[in-house]
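*Asks:* My structure file protein.txt, compact mmCIF, C-alpha atoms, is below:
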# COMPACT_ATOMS: atom_id res chain seq x y z
CA MET S 240 0.53 20.24 8.17
CA PRO S 241 -3.10 21.09 8.91
CA PRO S 242 -3.64 23.55 11.76
CA GLU S 243 -4.73 20.84 14.21
CA THR S 244 -1.51 18.86 14.16
CA ASP S 245 2.19 19.00 13.76
CA THR S 246 4.86 16.34 14.17
CA THR S 247 7.05 17.60 16.95
CA SER S 248 8.41 14.98 19.27
CA ASP S 249 7.48 15.01 22.92
CA SER S 250 10.01 12.35 23.67
CA PRO S 251 13.15 11.90 25.71
CA GLY S 252 16.31 10.54 24.20
CA THR S 253 16.06 9.51 20.61
CA LEU S 254 12.38 8.69 20.67
CA ARG S 255 10.48 9.94 17.64
CA SER S 256 6.93 10.95 18.44
CA PHE S 257 3.97 13.13 17.62
CA ARG S 258 2.55 16.29 19.14
CA PRO S 259 -1.06 16.99 18.14
CA ARG S 260 -2.41 20.31 19.23
CA ASN S 261 -5.38 19.97 21.62
CA TRP S 262 -6.55 16.67 20.14
CA ALA S 263 -8.36 14.23 22.40
CA LEU S 264 -7.86 10.55 21.66
CA TRP S 265 -11.49 9.97 20.70
CA ARG S 266 -11.23 12.65 18.01
CA ARG S 267 -8.52 10.71 16.24
CA PRO S 268 -9.14 8.53 13.16
CA LYS S 269 -10.17 4.98 13.97
CA ARG S 270 -7.07 3.52 12.35
CA PHE S 271 -4.94 5.73 14.62
CA ILE S 272 -6.73 4.56 17.76
CA ALA S 273 -6.59 0.91 16.63
CA PHE S 274 -2.84 1.07 16.00
CA LEU S 275 -2.23 2.87 19.29
CA VAL S 276 -4.13 0.27 21.32
CA CYS S 277 -2.64 -2.73 19.49
CA ALA S 278 0.90 -1.36 19.75
CA GLU S 279 0.56 -0.77 23.48
CA LEU S 280 -0.99 -4.22 24.10
CA LEU S 281 1.87 -5.81 22.15
CA ALA S 282 4.36 -3.88 24.26
CA PHE S 283 2.75 -4.98 27.52
CA ALA S 284 2.76 -8.60 26.35
CA TRP S 285 6.47 -8.27 25.65
CA PHE S 286 7.08 -6.74 29.10
CA ALA S 287 5.35 -9.72 30.72
CA VAL S 288 7.63 -12.15 28.86
CA ALA S 289 10.76 -10.11 29.56
CA PHE S 290 10.00 -9.74 33.27
CA SER S 291 9.19 -13.43 33.72
CA THR S 292 12.60 -14.46 32.39
CA THR S 293 14.60 -11.85 34.31
CA PRO S 294 16.35 -12.74 37.60
CA VAL S 295 15.69 -10.67 40.69
CA PRO S 296 17.88 -7.52 40.62
CA GLY S 297 20.86 -7.67 42.97
CA VAL S 298 22.58 -4.95 44.96
CA PRO S 299 24.99 -4.01 42.11
CA ASP S 300 21.98 -3.61 39.80
CA TRP S 301 20.26 -1.24 42.23
CA LEU S 302 23.45 0.79 42.70
CA ARG S 303 23.86 1.20 38.94
CA PHE S 304 20.19 2.07 38.65
CA ALA S 305 20.64 4.76 41.31
CA ILE S 306 23.67 6.22 39.46
CA LEU S 307 21.80 6.39 36.14
CA THR S 308 18.72 7.87 37.80
CA ALA S 309 20.81 10.55 39.49
CA GLY S 310 22.63 11.39 36.25
CA ALA S 311 19.41 11.60 34.28
CA THR S 312 17.78 13.78 36.94
CA VAL S 313 20.70 16.21 36.98
CA HIS S 314 20.65 16.34 33.19
CA ILE S 315 16.89 16.92 32.93
CA GLN S 316 16.69 19.54 35.66
CA LEU S 317 19.68 21.55 34.41
CA THR S 318 18.40 21.60 30.83
CA ARG S 319 14.68 21.98 31.53
CA ARG S 320 14.28 25.51 30.16
CA GLN S 321 16.37 24.70 27.11
CA GLU S 322 14.16 21.72 26.35
CA GLU S 323 11.01 23.81 26.71
CA ARG S 324 12.40 26.35 24.22
CA ARG S 325 13.49 23.65 21.79
CA ARG S 326 10.13 21.86 21.91
CA ASN S 327 8.28 25.08 21.21
CA ARG S 328 10.40 25.78 18.13
CA VAL S 329 10.82 22.35 16.56
CA ARG S 330 8.29 21.41 13.85
CA THR S 331 9.51 17.94 12.98
CA VAL S 332 11.39 15.39 15.07
CA LEU S 333 12.97 16.45 18.33
CA ILE S 334 16.11 14.65 19.48
CA ASP S 335 17.34 15.25 23.01
CA LEU S 336 20.03 13.48 25.00
CA THR S 337 18.40 11.44 27.77
CA ALA S 338 19.09 8.23 25.83
CA VAL S 339 22.57 8.69 27.27
CA TRP S 340 20.97 7.25 30.42
CA VAL S 341 18.38 4.90 28.92
CA PHE S 342 20.65 3.04 26.50
CA PRO S 343 23.19 2.01 29.18
CA ALA S 344 20.27 0.79 31.28
CA ALA S 345 19.23 -1.36 28.32
CA ILE S 346 22.73 -2.86 28.24
CA ILE S 347 23.51 -3.18 31.94
CA LEU S 348 20.30 -3.40 33.98
CA PRO S 349 17.60 -6.09 34.19
CA ALA S 350 14.43 -5.29 32.24
CA PRO S 351 12.30 -4.24 35.28
CA LEU S 352 14.88 -1.67 36.39
CA THR S 353 15.22 -0.38 32.82
CA VAL S 354 11.47 0.16 32.62
CA LEU S 355 11.49 1.84 36.04
CA LEU S 356 14.29 4.19 34.93
CA VAL S 357 12.37 5.20 31.82
CA LEU S 358 9.27 5.77 33.94
CA LEU S 359 11.15 8.08 36.33
CA ILE S 360 12.66 10.00 33.42
CA ARG S 361 9.29 10.33 31.75
CA ILE S 362 7.62 11.61 34.92
CA GLN S 363 10.15 14.42 35.02
CA HIS S 364 9.65 15.10 31.30
CA TRP S 365 5.89 15.35 31.76
CA PHE S 366 6.36 18.85 33.21
CA VAL S 367 8.47 19.85 30.21
CA ALA S 368 6.52 18.17 27.40
CA ARG S 369 2.97 19.09 28.53
CA ARG S 370 1.38 16.89 25.86
CA PRO S 371 -1.92 15.00 25.71
CA ALA S 372 -1.87 11.94 27.95
CA HIS S 373 -2.26 9.34 25.18
CA ASN S 374 0.74 10.85 23.34
CA PHE S 375 2.83 10.79 26.45
CA VAL S 376 1.90 7.24 27.40
CA PHE S 377 2.57 5.90 23.91
CA SER S 378 5.96 7.64 23.78
CA SER S 379 6.92 6.26 27.19
CA ILE S 380 5.87 2.71 26.33
CA THR S 381 7.75 2.87 23.04
CA HIS S 382 10.94 3.94 24.79
CA MET S 383 10.54 1.14 27.36
CA LEU S 384 9.94 -1.36 24.59
CA ALA S 385 12.98 -0.25 22.59
CA ALA S 386 15.22 -0.50 25.66
CA THR S 387 14.01 -3.95 26.76
CA VAL S 388 14.18 -5.41 23.25
CA ALA S 389 17.73 -4.07 22.87
CA HIS S 390 18.55 -5.65 26.24
CA SER S 391 17.24 -9.05 25.11
CA VAL S 392 19.18 -8.87 21.85
CA PHE S 393 22.34 -7.92 23.71
CA LEU S 394 21.94 -10.91 26.02
CA ALA S 395 21.22 -13.19 23.05
CA LEU S 396 24.55 -12.09 21.57
CA GLY S 397 26.31 -13.28 24.72
CA GLY S 398 25.93 -10.33 27.06
CA ARG S 399 28.87 -8.28 28.28
CA HIS S 400 32.33 -9.61 29.03
CA TRP S 401 34.29 -6.46 29.80
CA GLU S 402 36.48 -7.62 32.67
CA ALA S 403 39.56 -8.63 30.66
CA LEU S 404 39.40 -7.59 27.03
CA SER S 405 41.94 -8.35 24.35
CA ALA S 406 42.14 -6.50 21.04
CA VAL S 407 39.98 -9.13 19.33
CA SER S 408 37.43 -9.51 22.11
CA SER S 409 37.05 -5.74 22.37
CA LEU S 410 35.96 -5.66 18.72
CA THR S 411 33.41 -8.37 19.48
CA GLU S 412 32.02 -6.42 22.43
CA PHE S 413 31.92 -3.27 20.33
CA GLY S 414 29.95 -5.12 17.67
CA LYS S 415 27.40 -6.19 20.28
CA LEU S 416 26.92 -2.57 21.36
CA VAL S 417 26.44 -1.48 17.75
CA VAL S 418 23.81 -4.16 17.15
CA ALA S 419 22.00 -3.26 20.39
CA GLY S 420 22.05 0.42 19.41
CA LEU S 421 20.58 -0.36 16.00
CA VAL S 422 17.83 -2.45 17.60
CA PHE S 423 17.14 0.29 20.15
CA GLU S 424 16.59 2.79 17.33
CA THR S 425 14.81 0.46 14.91
CA VAL S 426 12.06 -0.38 17.38
CA GLN S 427 11.40 3.30 17.92
CA ILE S 428 11.33 4.00 14.19
CA LEU S 429 8.86 1.18 13.52
CA TYR S 430 6.50 2.26 16.28
CA VAL S 431 6.72 6.02 16.03
CA SER S 432 6.96 6.44 12.25
CA SER S 433 3.76 4.39 11.99
CA ILE S 434 1.90 6.55 14.49
CA LEU S 435 3.26 9.73 12.88
CA SER S 436 1.97 8.62 9.50
CA LEU S 437 -1.46 7.85 10.94
CA ALA S 438 -1.54 11.15 12.86
CA SER S 439 -0.87 13.20 9.74
CA GLN S 440 -3.79 14.40 7.64
CA THR S 441 -1.45 14.92 4.70
CA LYS S 442 1.10 12.66 3.08
CA PRO S 443 4.03 12.43 5.52
CA THR S 444 7.52 13.21 4.29
CA VAL S 445 10.75 11.45 5.21
CA ARG S 446 11.87 14.53 7.13
CA SER S 447 8.65 14.83 9.13
CA VAL S 448 8.79 11.15 10.15
CA LEU S 449 12.52 10.48 10.46
CA GLY S 450 13.96 13.95 10.95
CA SER S 451 16.73 15.69 9.07
CA ARG S 452 20.28 14.47 8.49
CA ALA S 453 21.43 16.64 11.40
CA ASP S 454 18.73 15.09 13.63
CA ASN S 455 19.91 11.58 12.83
CA LEU S 456 23.56 12.50 13.35
CA LEU S 457 22.67 13.85 16.79
CA GLU S 458 20.75 10.64 17.44
CA ALA S 459 23.74 8.46 16.55
CA ILE S 460 25.98 10.53 18.80
CA THR S 461 23.47 10.20 21.64
CA ILE S 462 23.41 6.41 21.44
CA GLY S 463 27.22 6.40 21.23
CA LEU S 464 27.40 8.48 24.40
CA GLY S 465 25.02 5.98 26.00
CA ALA S 466 27.41 3.15 25.13
CA VAL S 467 30.28 5.09 26.71
CA THR S 468 28.15 5.65 29.82
CA ALA S 469 27.50 1.90 30.04
CA ILE S 470 31.20 1.14 29.94
CA LEU S 471 32.00 3.76 32.56
CA LEU S 472 29.19 2.48 34.76
CA VAL S 473 30.74 -1.00 34.85
CA VAL S 474 34.44 -0.15 34.84
CA LEU S 475 34.62 3.10 36.84
CA PRO S 476 31.17 4.14 38.16
CA PRO S 477 32.13 7.55 39.69
CA THR S 478 33.16 8.82 36.24
CA VAL S 479 29.53 8.64 35.12
CA ALA S 480 29.25 12.09 36.72
CA ILE S 481 31.32 13.36 33.79
CA MET S 482 28.56 12.27 31.40
CA ALA S 483 26.06 14.44 33.28
CA VAL S 484 28.27 17.45 32.51
CA VAL S 485 28.73 16.31 28.90
CA THR S 486 24.98 15.99 28.31
CA VAL S 487 24.28 19.46 29.71
CA VAL S 488 26.94 21.03 27.48
CA PHE S 489 25.83 19.01 24.48
CA ASN S 490 22.23 20.08 25.08
CA ARG S 491 23.34 23.69 24.80
CA LEU S 492 25.22 22.96 21.58
CA ALA S 493 22.13 21.24 20.15
CA GLU S 494 20.05 24.30 20.98
CA LEU S 495 22.55 26.57 19.25
CA GLU S 496 22.45 24.33 16.17
CA GLN S 497 18.68 24.54 16.17
CA LEU S 498 18.76 28.32 16.51
CA GLN S 499 21.07 28.50 13.49
CA ASP S 500 18.68 26.27 11.56
CA ASP S 501 15.72 28.47 12.57
CA VAL S 502 17.47 31.51 11.09
CA ARG S 503 17.60 29.75 7.69
CA THR S 504 14.12 28.19 7.76
CA ASP S 505 10.72 29.64 6.92
CA PRO S 506 8.60 28.92 10.02
CA LYS S 507 5.34 28.53 8.10
CA THR S 508 6.45 26.06 5.42
CA GLN S 509 9.63 24.55 6.93
CA VAL S 510 11.60 25.04 3.72
CA PHE S 511 14.50 27.47 3.42
CA ASN S 512 13.72 31.15 3.82
CA MET S 513 15.49 33.58 1.49
CA ARG S 514 18.58 33.70 3.67
CA GLY S 515 18.94 29.92 3.81
CA TRP S 516 18.07 29.43 0.14
CA THR S 517 20.46 32.15 -1.00
CA GLU S 518 23.35 30.71 1.01
CA SER S 519 22.83 27.24 -0.49
CA ALA S 520 22.23 28.61 -3.98
CA GLU S 521 25.38 30.75 -3.92
CA ARG S 522 27.47 27.72 -2.96
CA ALA S 523 25.89 25.64 -5.75
CA LEU S 524 26.46 28.44 -8.27
CA ALA S 525 30.11 28.73 -7.23
CA ARG S 526 30.56 24.98 -7.82
CA ALA S 527 28.83 25.22 -11.20
CA THR S 528 31.06 28.13 -12.20
CA LYS S 529 34.25 26.24 -11.33
CA SER S 530 33.17 23.04 -13.08
CA ASP S 531 31.50 24.79 -16.04
CA ASP S 532 28.18 23.05 -15.31
CA ARG S 533 24.64 24.22 -15.95
CA LEU S 534 22.32 25.24 -13.12
CA GLY S 535 18.59 26.04 -13.18
CA VAL S 536 16.45 28.39 -11.12
CA LEU S 537 12.65 28.05 -10.96
CA MET S 538 10.38 30.82 -9.71
CA ILE S 539 6.97 29.36 -8.77
CA ASP S 540 3.97 31.61 -8.20
CA LEU S 541 0.67 30.11 -7.03
CA ASP S 542 -2.14 31.55 -9.16
CA HIS S 543 -4.99 33.46 -7.48
CA PHE S 544 -3.68 32.83 -3.98
CA LYS S 545 -5.44 35.93 -2.63
CA TRP S 546 -8.76 34.33 -3.59
CA ILE S 547 -8.03 31.44 -1.21
CA ASN S 548 -7.39 33.80 1.72
CA ASP S 549 -10.43 35.92 0.91
CA THR S 550 -12.75 32.95 0.41
CA PHE S 551 -11.65 30.48 3.09
CA GLY S 552 -9.51 32.55 5.46
CA HIS S 553 -5.81 32.88 6.17
CA PRO S 554 -5.48 29.55 8.05
CA ALA S 555 -6.60 27.81 4.85
CA GLY S 556 -4.07 29.85 2.90
CA ASP S 557 -1.35 28.79 5.32
CA ASP S 558 -2.33 25.14 4.80
CA VAL S 559 -2.07 25.61 1.05
CA LEU S 560 1.42 27.08 1.39
CA ARG S 561 2.54 24.25 3.69
CA ASN S 562 1.22 21.62 1.30
CA LEU S 563 2.81 23.32 -1.68
CA ALA S 564 6.18 23.38 0.11
CA GLN S 565 5.79 19.69 0.95
CA LEU S 566 4.87 18.92 -2.65
CA LEU S 567 7.99 20.71 -3.91
CA ASN S 568 10.15 18.62 -1.59
CA GLU S 569 8.50 15.45 -2.89
CA VAL S 570 8.73 16.11 -6.64
CA THR S 571 12.26 17.53 -6.69
CA ARG S 572 15.57 15.70 -6.40
CA PRO S 573 17.46 15.41 -3.10
CA SER S 574 20.14 17.72 -4.51
CA ASP S 575 17.62 20.43 -5.43
CA VAL S 576 17.13 23.35 -3.04
CA VAL S 577 13.60 24.53 -2.22
CA GLY S 578 12.95 27.90 -0.62
CA ARG S 579 10.16 30.37 -0.03
CA PHE S 580 10.71 33.68 -1.81
CA GLY S 581 7.82 35.39 -0.05
CA GLY S 582 4.02 35.34 -0.04
CA GLU S 583 2.91 32.60 -2.40
CA GLU S 584 6.19 32.48 -4.36
CA PHE S 585 8.76 29.72 -4.05
CA LEU S 586 12.20 29.13 -5.53
CA VAL S 587 13.82 25.87 -6.59
CA LEU S 588 17.50 25.58 -7.44
CA LEU S 589 18.37 22.75 -9.84
CA PRO S 590 22.08 21.83 -9.87
CA ASP S 591 23.40 20.26 -13.08
CA ALA S 592 20.30 21.14 -15.12
CA ASP S 593 20.26 22.61 -18.63
CA GLN S 594 17.28 24.34 -20.25
CA ALA S 595 15.56 21.09 -21.20
CA ALA S 596 16.00 19.51 -17.74
CA ALA S 597 14.95 22.67 -15.90
CA THR S 598 11.88 23.13 -18.09
CA GLY S 599 10.94 19.47 -17.65
CA ALA S 600 11.22 19.82 -13.86
CA ALA S 601 9.04 22.92 -13.98
CA GLU S 602 6.39 21.10 -16.01
CA ARG S 603 6.32 18.24 -13.48
CA ILE S 604 5.82 20.73 -10.68
CA ARG S 605 3.08 22.55 -12.58
CA ALA S 606 1.23 19.29 -13.24
CA ALA S 607 1.63 18.15 -9.61
CA VAL S 608 0.23 21.44 -8.31
CA ALA S 609 -2.84 21.01 -10.52
CA GLN S 610 -3.46 17.59 -8.91
CA LEU S 611 -2.97 18.81 -5.35
CA ARG S 612 -5.89 18.35 -2.94
CA ILE S 613 -5.54 20.08 0.42
CA ALA S 614 -7.66 19.25 3.46
CA THR S 615 -8.24 22.39 5.51
CA THR S 616 -11.01 24.47 7.13
CA ASN S 617 -12.98 27.50 6.05
CA LYS S 618 -13.69 30.69 8.00
CA ARG S 619 -16.39 28.92 10.05
CA GLY S 620 -14.09 26.03 10.94
CA ASP S 621 -15.85 23.55 8.65
CA LYS S 622 -13.68 20.94 6.93
CA ILE S 623 -13.14 21.62 3.23
CA THR S 624 -10.81 20.50 0.44
CA VAL S 625 -8.98 23.02 -1.72
CA PHE S 626 -8.21 21.73 -5.21
CA ASP S 627 -7.88 22.82 -8.85
CA ARG S 628 -5.08 25.22 -7.96
CA THR S 629 -2.53 26.20 -10.59
CA ALA S 630 0.93 27.74 -10.68
CA SER S 631 2.85 29.93 -13.09
CA ILE S 632 6.54 29.04 -13.29
CA GLY S 633 9.51 30.93 -14.67
CA VAL S 634 12.74 29.12 -15.64
CA ALA S 635 16.24 30.58 -15.86
CA VAL S 636 19.47 28.66 -16.46
CA TYR S 637 23.08 29.53 -15.77
CA PRO S 638 24.90 30.81 -17.79
CA ASP S 639 22.30 31.29 -20.55
CA HIS S 640 20.15 33.76 -18.63
CA GLY S 641 22.56 35.15 -16.08
CA ASP S 642 25.93 34.62 -14.45
CA THR S 643 24.97 35.67 -10.93
CA LEU S 644 22.23 34.45 -8.62
CA GLN S 645 20.60 37.87 -8.69
CA THR S 646 20.40 38.00 -12.51
CA LEU S 647 19.09 34.43 -12.64
CA MET S 648 16.34 35.26 -10.14
CA GLN S 649 15.43 38.39 -12.08
CA ALA S 650 15.25 36.40 -15.32
CA ALA S 651 13.06 33.71 -13.72
CA ASP S 652 10.83 36.38 -12.18
CA ALA S 653 10.37 38.08 -15.54
CA ALA S 654 9.44 34.71 -17.05
CA VAL S 655 6.80 34.26 -14.32
CA TYR S 656 5.18 37.55 -15.34
CA GLU S 657 5.12 36.35 -18.93
CA ALA S 658 3.38 33.16 -17.79
CA LYS S 659 0.83 35.20 -15.84
CA GLU S 660 0.14 37.48 -18.78
CA GLY S 661 -0.11 34.45 -21.07
CA GLY S 662 -3.01 32.97 -19.12
CA ARG S 663 -1.38 31.41 -16.02
CA ASN S 664 -0.89 27.68 -15.32
CA GLN S 665 2.11 27.48 -17.61
CA VAL S 666 5.90 27.37 -17.72
CA ARG S 667 7.94 30.05 -19.43
CA LEU S 668 11.65 29.99 -20.18
CA ALA S 669 13.51 33.26 -19.65
CA GLU S 670 14.85 35.13 -22.63
CA VAL S 671 18.48 34.40 -23.47
CA ARG S 672 20.80 37.27 -22.68
CA PRO S 673 22.17 39.05 -25.75
CA SER S 674 25.85 38.35 -26.32
CA PRO S 675 28.12 41.34 -25.62
CA LEU S 676 29.20 43.26 -28.70
CA PRO S 677 32.82 42.74 -29.68
CA LEU S 678 35.18 45.63 -29.09
CA ALA S 679 35.95 47.66 -32.19
Represent the structure contained in this file as structure tokens.
*Replies:*
Amino acid sequence: MPPETDTTSDSPGTLRSFRPRNWALWRRPKRFIAFLVCAELLAFAWFAVAFSTTPVPGVPDWLRFAILTAGATVHIQLTRRQEERRRNRVRTVLIDLTAVWVFPAAIILPAPLTVLLVLLIRIQHWFVARRPAHNFVFSSITHMLAATVAHSVFLALGGRHWEALSAVSSLTEFGKLVVAGLVFETVQILYVSSILSLASQTKPTVRSVLGSRADNLLEAITIGLGAVTAILLVVLPPTVAIMAVVTVVFNRLAELEQLQDDVRTDPKTQVFNMRGWTESAERALARATKSDDRLGVLMIDLDHFKWINDTFGHPAGDDVLRNLAQLLNEVTRPSDVVGRFGGEEFLVLLPDADQAAATGAAERIRAAVAQLRIATTNKRGDKITVFDRTASIGVAVYPDHGDTLQTLMQAADAAVYEAKEGGRNQVRLAEVRPSPLPLA
């Protein structure tokens, strides 16, 4: 991403959002501002309709509202420092657990109380998120919208009938919760993925907009916990206190998972670092060895990278590296493993790829790099576009060029040097290892 923005969420619960760095609203692109205003006006129009058709909350509604507010407050206050640390580290989508309290409100409470609960949660999160006001307002409105729409859908499906459930009726009620959960998440995705795409100065990736597989698994678990909280709130309200403990513990587990991911990720480019890439590559090589499959390794070296740093400055060089990493993720297969070797060098592991397939993949990457245009700034802070960059790529294939990851990397690295010496901007295949001499 360019130095002015990244895509970290500032949201509670499962909300996906954006976190620009020191960007005022009026400095945003016009299409961004137009979408933001239209989306918020649409949300307020929906709130007016939802509130007008909602009966006045009764005493049981207020008691349940108080229980959810208390649980959310305990959760937020006990995990405040963890959330601050997580938000400072995350570069893509942040998923926390306060939807455990918002989703049951969407199921159980009238729309006005649901909106009020989200507002109280968001006020507490303001001191943790510390984001520009327009970001924070948009995130809050999106969460309110998702909850109230899910509430309306749940009511349209017949509402809750949990007093005396049979085996068949319990499946029906479970289905309603699943549909409401999907609606709750879909509304957020539609709103926030759109604003994320408009906020980005480069082509957004699926990961930057939707998060990783682990993020989405955590999100599904969070909504599931919210459904459990809703059931407890109706059937046995005092046991909701257990969910406060569960969310605090789960928050700690999520932070540990993130710390483990940080150890394997290059902070500048958000692809695997050498540790993460090597671990994944070793596992893939072990599978290829057992199944007698081919496996390719590409070493990619950006030509004349030092010239970019010397001419435009290191921030521009960092932007080039980030865009190159993003490009590699876009032009490779989901099963391929992209990592940063160091400096301006990257590695790509290609499972189930022979010499022809690996060379073809390398040629596609080389051609894509040549077409890359990178919006960045120069040493004076002026906006510029870096283009006409090239890459030299070395290709090695198991078992033709090596039977260990180390020998494959060495063979690919040697092929890169051949490409450099041959004039750069080309792909070179490593030399085939000589067959061992037979014993006399």
*Asks:* Near Gly414 (chain S), within 12 Å and counting all atoms listed in the file, which residues show up once chain neighbours fewer than 4 positions away are dropped, as a list in words?
*Replies:*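 Skipping anything fewer than 4 positions along the chain leaves Phe393, Leu396, Gly397, Gly398, Arg399, Val407, Ser408, Ser409, Leu410, Val418, Ala419, Gly420, Leu421 and Ala466 of chain S.
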*Asks:* Would you export the selected residues with C-alpha atoms as a PDB file, in the frame of the given file, please?
*Replies:*
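Result file follows (again_0.pdb):
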ATOM      1  CA  PHE S 393      22.340  -7.920  23.710  1.00  0.00           C
ATOM      2  CA  LEU S 396      24.550 -12.090  21.570  1.00  0.00           C
ATOM      3  CA  GLY S 397      26.310 -13.280  24.720  1.00  0.00           C
ATOM      4  CA  GLY S 398      25.930 -10.330  27.060  1.00  0.00           C
ATOM      5  CA  ARG S 399      28.870  -8.280  28.280  1.00  0.00           C
ATOM      6  CA  VAL S 407      39.980  -9.130  19.330  1.00  0.00           C
ATOM      7  CA  SER S 408      37.430  -9.510  22.110  1.00  0.00           C
ATOM      8  CA  SER S 409      37.050  -5.740  22.370  1.00  0.00           C
ATOM      9  CA  LEU S 410      35.960  -5.660  18.720  1.00  0.00           C
ATOM     10  CA  VAL S 418      23.810  -4.160  17.150  1.00  0.00           C
ATOM     11  CA  ALA S 419      22.000  -3.260  20.390  1.00  0.00           C
ATOM     12  CA  GLY S 420      22.050   0.420  19.410  1.00  0.00           C
ATOM     13  CA  LEU S 421      20.580  -0.360  16.000  1.00  0.00           C
ATOM     14  CA  ALA S 466      27.410   3.150  25.130  1.00  0.00           C
TER      15      ALA S 466
END
*Asks:* Can you pull out the residues contacting region 631-641 of chain S? Cut-off 8 Å, using all atoms listed in the file, and skip same-chain residues under 5 positions away; I want them as a PyMOL selection string.
*Replies:* chain S and resi 533-542+592-594+597-598+601+605+646-648+650-656+658-659+663-672
*Asks:* Residues of the last selection are to be written out with C-alpha atoms, as a compact mmCIF listing (two decimals), in the frame of the given file.
*Replies:*
# COMPACT_ATOMS: atom_id res chain seq x y z
CA ARG S 533 24.64 24.22 -15.95
CA LEU S 534 22.32 25.24 -13.12
CA GLY S 535 18.59 26.04 -13.18
CA VAL S 536 16.45 28.39 -11.12
CA LEU S 537 12.65 28.05 -10.96
CA MET S 538 10.38 30.82 -9.71
CA ILE S 539 6.97 29.36 -8.77
CA ASP S 540 3.97 31.61 -8.20
CA LEU S 541 0.67 30.11 -7.03
CA ASP S 542 -2.14 31.55 -9.16
CA ALA S 592 20.30 21.14 -15.12
CA ASP S 593 20.26 22.61 -18.63
CA GLN S 594 17.28 24.34 -20.25
CA ALA S 597 14.95 22.67 -15.90
CA THR S 598 11.88 23.13 -18.09
CA ALA S 601 9.04 22.92 -13.98
CA ARG S 605 3.08 22.55 -12.58
CA THR S 646 20.40 38.00 -12.51
CA LEU S 647 19.09 34.43 -12.64
CA MET S 648 16.34 35.26 -10.14
CA ALA S 650 15.25 36.40 -15.32
CA ALA S 651 13.06 33.71 -13.72
CA ASP S 652 10.83 36.38 -12.18
CA ALA S 653 10.37 38.08 -15.54
CA ALA S 654 9.44 34.71 -17.05
CA VAL S 655 6.80 34.26 -14.32
CA TYR S 656 5.18 37.55 -15.34
CA ALA S 658 3.38 33.16 -17.79
CA LYS S 659 0.83 35.20 -15.84
CA ARG S 663 -1.38 31.41 -16.02
CA ASN S 664 -0.89 27.68 -15.32
CA GLN S 665 2.11 27.48 -17.61
CA VAL S 666 5.90 27.37 -17.72
CA ARG S 667 7.94 30.05 -19.43
CA LEU S 668 11.65 29.99 -20.18
CA ALA S 669 13.51 33.26 -19.65
CA GLU S 670 14.85 35.13 -22.63
CA VAL S 671 18.48 34.40 -23.47
CA ARG S 672 20.80 37.27 -22.68
*Asks:* The residues within 8 Å of (17.1, 0.9, 27.8), using only C-alpha atoms and the coordinates of the file, should be reported as JSON, numbers by chain; which are they?
*Replies:* {"S": [338, 340, 341, 342, 343, 344, 345, 346, 353, 354, 357, 382, 383, 385, 386, 387, 389, 390, 423]}
*Asks:* Kindly assemble as a Markdown table a list of the region 446-537 of chain S residues that lie within 9 Å of region 290-305 of chain S, each paired with its nearest atom pair and their distance in Å to one decimal, using all atoms listed in the file, sorted first by chain and then by ascending residue number.
*Replies:*
| residue | atom | partner | partner_atom | distance |
| --- | --- | --- | --- | --- |
| S:Leu472 | CA | S:Arg303 | CA | 6.9 |
| S:Val473 | CA | S:Arg303 | CA | 8.3 |
| S:Pro476 | CA | S:Arg303 | CA | 7.9 |
*Asks:* Please provide the set of residues having any atom within 8 Å of Ile315 (chain S), restricted to all atoms listed in the file, with same-chain residues fewer than 3 positions apart removed, written as number ranges by chain.
*Replies:* S: 311-312, 318-319, 337, 363-364
*Asks:* Write the residues you've just listed into a file as a PDB file, in the coordinates of the input, and include C-alpha atoms for each of them.
*Replies:*
ATOM      1  CA  ALA S 311      19.410  11.600  34.280  1.00  0.00           C
ATOM      2  CA  THR S 312      17.780  13.780  36.940  1.00  0.00           C
ATOM      3  CA  THR S 318      18.400  21.600  30.830  1.00  0.00           C
ATOM      4  CA  ARG S 319      14.680  21.980  31.530  1.00  0.00           C
ATOM      5  CA  THR S 337      18.400  11.440  27.770  1.00  0.00           C
ATOM      6  CA  GLN S 363      10.150  14.420  35.020  1.00  0.00           C
ATOM      7  CA  HIS S 364       9.650  15.100  31.300  1.00  0.00           C
TER       8      HIS S 364
END
*Asks:* Could you give me, as CSV, a per-residue list for region 264-364 of chain S showing, wherever an atom lies at most 10 Å from an atom of region 428-434 of chain S, the closest pair of atoms and their distance in Å to one decimal, using all atoms listed in the file and sorting by chain then residue number from low to high?
*Replies:*
residue,atom,partner,partner_atom,distance
S:Arg270,CA,S:Ile434,CA,9.7
S:Phe271,CA,S:Ile434,CA,6.9
S:Ile272,CA,S:Ile434,CA,9.4
S:Phe274,CA,S:Ile434,CA,7.4
S:Leu275,CA,S:Ile434,CA,7.3
S:Ala278,CA,S:Tyr430,CA,7.5
S:Glu279,CA,S:Tyr430,CA,9.8
*Asks:* Point out the residue among S:Ser530, S:Thr615, S:Thr381, S:Thr517 with the least atom-to-atom distance to Leu280 (chain S), counting only C-alpha atoms.
*Replies:*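 Among S:Ser530, S:Thr615, S:Thr381, S:Thr517, it is S:Thr381 that comes nearest to Leu280 (chain S).
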*Asks:* Take CA of Thr629 (chain S) and CA of Phe551 (chain S) and report the distance between them in Å, one decimal.
*Replies:* 17.0 Å
*Asks:* What is the CA of Leu464 (chain S) to CA of Asn490 (chain S) distance in Å?
*Replies:*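 Interatomic distance, CA of Leu464 (chain S) to CA of Asn490 (chain S): 12.7 Å.
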*Asks:* Could you check the closest approach to Leu384 (chain S) for each of S:Asn512, S:Pro351, S:Ile306, S:Ile604 and tell me which residue wins, using only C-alpha atoms?
*Replies:*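 For Leu384 (chain S), the nearest of the given residues is S:Pro351.
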